[in-house]
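**Q** Please find one structure pasted underneath; my questions will follow.
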Amino acid sequence: MDASVELLSPDCVRLRLRRPSHFHWSPGQTAYLIMPGVSTIPFEAHPFTIASVDTAREKTRSDVTPTTEKESLGETEPYWKELVFFVNVHGGFTKKLAGVAEKGGKLKVFVDGPYGKSPDLTDYDTSVLIAGGSGVSFTLPLFLDSIK
């Protein structure tokens with residue numbers, strides 16, 4: 001799939017790609033991303049937490065409008081139609097990814113997942129979510145899912 005890569009700061013990259021119709025996840029889950037244009041090793045996979053919410057899992061088939069992959073991922077694109085990842089830039093792979101983001105491009109991404117169990121916050125009257133840096137990738141979807 002084509003992914004939009006954006007450098008949010010020297011230390012953070014946002015990766016956005018259209019959610020495949022068959023791909024569903026819960027808050028807090030991760031996916032392995034394979035980026036042949038960034039990796040030096042073929043099929044090198046790196047795990048990242050999915051920072052967006054899949055509200056499509058609550059919709060019926062008739063509520064979901066079909067889209068083509070040729071459509072751009074504009075700023076007004078409904079959030080539930082995207083997989084969003086925030087990547088901390090360190091060295092090696094993530095530094096190369098930041099280099100692609102600096103050029104403001106797109107790249108091919110293969111997604112494997114989702115993995116992990118989503119925490120169930122419905123058993124609690126009060127929840128406190130604390131995150132720093134890319135930890136927001138885990139807490140933001142939990143927060144968005146709990147307020148709906």
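Here, A, B, ... name the chains of the structure tokens in the order displayed, residue numbers run from 1 inside each chain, and ligands are numbered from 1 in the same displayed order.
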For Ser118 of chain A, work out the shell of residues within 9 Å, counting only C-alpha atoms and skipping chain neighbours fewer than 5 positions away, then give it as an NGL selection string.

**A** :A and (25-29 or 142)

**Q** Just checking: using only C-alpha atoms, which residue out of A:Gly37, A:Pro141, A:Pro119, A:Gly92 ends up closest to Ser52 of chain A?

**A**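 Once distances to Ser52 of chain A are computed over only C-alpha atoms, the minimum belongs to A:Pro141.
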
**Q** Tell me which of A:Cys12, A:Tyr115, A:Glu102, A:Lys95 sits closest to Pro47 of chain A, counting only C-alpha atoms.

**A**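 Ranked by minimum distance to Pro47 of chain A, first place goes to A:Tyr115.
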
**Q** How many Å lie between atom CA of Ala101 of chain A and atom CA of Val87 of chain A, rounded to one decimal?

**A**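 One can read the atom CA of Ala101 of chain A to atom CA of Val87 of chain A distance as 11.1 Å.
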
**Q** Quick check, in Å to one decimal: how far apart do atom CA of Ala51 of chain A and atom CA of Leu17 of chain A lie?

**A**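 Taking atom CA of Ala51 of chain A as the start and atom CA of Leu17 of chain A as the end point, the length is 11.8 Å.
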
**Q** Taking only C-alpha atoms into account, which of A:His22, A:Asp11, A:Lys103, A:Val111 comes nearest Met35 of chain A?

**A**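 Among the listed residues, the smallest separation from Met35 of chain A belongs to A:Val111.
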
**Q** Calculated over only C-alpha atoms, which of the candidates A:Lys81, A:Lys96, A:His24, A:Arg14 has the smallest distance to Phe48 of chain A?

**A**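 Among A:Lys81, A:Lys96, A:His24, A:Arg14, it is A:Arg14 that comes nearest to Phe48 of chain A.
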
**Q** Please extract the residues of chain A with a backbone DSSP assignment of strand (DSSP E) and present them as a PDB file with C-alpha atoms, in the first residue's frame.

**A**
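Result file is result_1.pdb:
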```pdb
ATOM      1  CA  ASP A   2       1.085   3.568  -0.516  1.00  0.00           C
ATOM      2  CA  ALA A   3       1.825   5.480   2.672  1.00  0.00           C
ATOM      3  CA  SER A   4       2.153   9.190   3.229  1.00  0.00           C
ATOM      4  CA  VAL A   5       5.261  10.019   5.277  1.00  0.00           C
ATOM      5  CA  GLU A   6       5.518  13.304   7.152  1.00  0.00           C
ATOM      6  CA  LEU A   7       8.270  14.666   9.399  1.00  0.00           C
ATOM      7  CA  LEU A   8       6.444  16.227  12.369  1.00  0.00           C
ATOM      8  CA  SER A   9       9.665  17.175  14.165  1.00  0.00           C
ATOM      9  CA  CYS A  12       8.998  12.151  15.036  1.00  0.00           C
ATOM     10  CA  VAL A  13       7.601  10.804  11.766  1.00  0.00           C
ATOM     11  CA  ARG A  14       3.907  10.294  11.042  1.00  0.00           C
ATOM     12  CA  LEU A  15       3.033   7.466   8.674  1.00  0.00           C
ATOM     13  CA  ARG A  16      -0.494   7.414   7.230  1.00  0.00           C
ATOM     14  CA  LEU A  17      -2.008   4.788   4.964  1.00  0.00           C
ATOM     15  CA  ARG A  18      -5.475   3.845   3.874  1.00  0.00           C
ATOM     16  CA  THR A  30       0.556  -3.119  17.058  1.00  0.00           C
ATOM     17  CA  ALA A  31       1.394  -4.016  13.481  1.00  0.00           C
ATOM     18  CA  TYR A  32       4.647  -4.986  11.818  1.00  0.00           C
ATOM     19  CA  LEU A  33       5.556  -2.653   8.969  1.00  0.00           C
ATOM     20  CA  ILE A  34       7.758  -3.663   6.051  1.00  0.00           C
ATOM     21  CA  ALA A  45       9.780  -5.808   9.657  1.00  0.00           C
ATOM     22  CA  HIS A  46       9.468  -3.361  12.536  1.00  0.00           C
ATOM     23  CA  PRO A  47       6.623  -3.272  15.101  1.00  0.00           C
ATOM     24  CA  PHE A  48       4.743  -0.016  15.675  1.00  0.00           C
ATOM     25  CA  THR A  49       1.655   0.791  17.720  1.00  0.00           C
ATOM     26  CA  GLU A  82      -6.561   5.444   7.967  1.00  0.00           C
ATOM     27  CA  LEU A  83      -3.878   3.532   9.767  1.00  0.00           C
ATOM     28  CA  VAL A  84      -1.699   6.093  11.529  1.00  0.00           C
ATOM     29  CA  PHE A  85       1.683   5.417  13.113  1.00  0.00           C
ATOM     30  CA  PHE A  86       3.991   7.786  15.022  1.00  0.00           C
ATOM     31  CA  VAL A  87       7.637   6.755  14.784  1.00  0.00           C
ATOM     32  CA  ASN A  88      10.395   8.037  17.083  1.00  0.00           C
ATOM     33  CA  LYS A 106       5.185   8.392  -0.308  1.00  0.00           C
ATOM     34  CA  LEU A 107       6.490   4.887   0.019  1.00  0.00           C
ATOM     35  CA  LYS A 108       5.267   1.332  -0.242  1.00  0.00           C
ATOM     36  CA  PHE A 110       3.338  -3.876   3.811  1.00  0.00           C
ATOM     37  CA  VAL A 111       1.338  -4.317   7.019  1.00  0.00           C
ATOM     38  CA  ASP A 112       1.323  -7.495   9.100  1.00  0.00           C
ATOM     39  CA  GLY A 113      -1.018  -7.635  12.052  1.00  0.00           C
ATOM     40  CA  PRO A 114      -2.640  -6.522  14.199  1.00  0.00           C
ATOM     41  CA  TYR A 115      -0.994  -8.091  17.219  1.00  0.00           C
TER      42      TYR A 115
END
```

**Q** Check chain A with DSSP on the backbone and list each residue it calls alpha helix (DSSP H), as a PyMOL selection string.

**A** chain A and resi 93-102+136-147

**Q** So what do you get for atom CA of Gly104 of chain A versus atom CA of Ser39 of chain A, distance-wise?

**A** 17.7 Å

**Q** Looking at only C-alpha atoms, which of A:Val53, A:Thr94, A:Gly99, A:Gly105 is the one that sits closest to Thr139 of chain A?

**A**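 Looking at the shortest contact to Thr139 of chain A, the residue is A:Val53.
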
**Q** My list of candidates is A:Asp123, A:Leu144, A:Gly135, A:Pro36. Which is closest to Asp54 of chain A when distances are computed with only C-alpha atoms?

**A**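 Among A:Asp123, A:Leu144, A:Gly135, A:Pro36, it is A:Leu144 that comes nearest to Asp54 of chain A.
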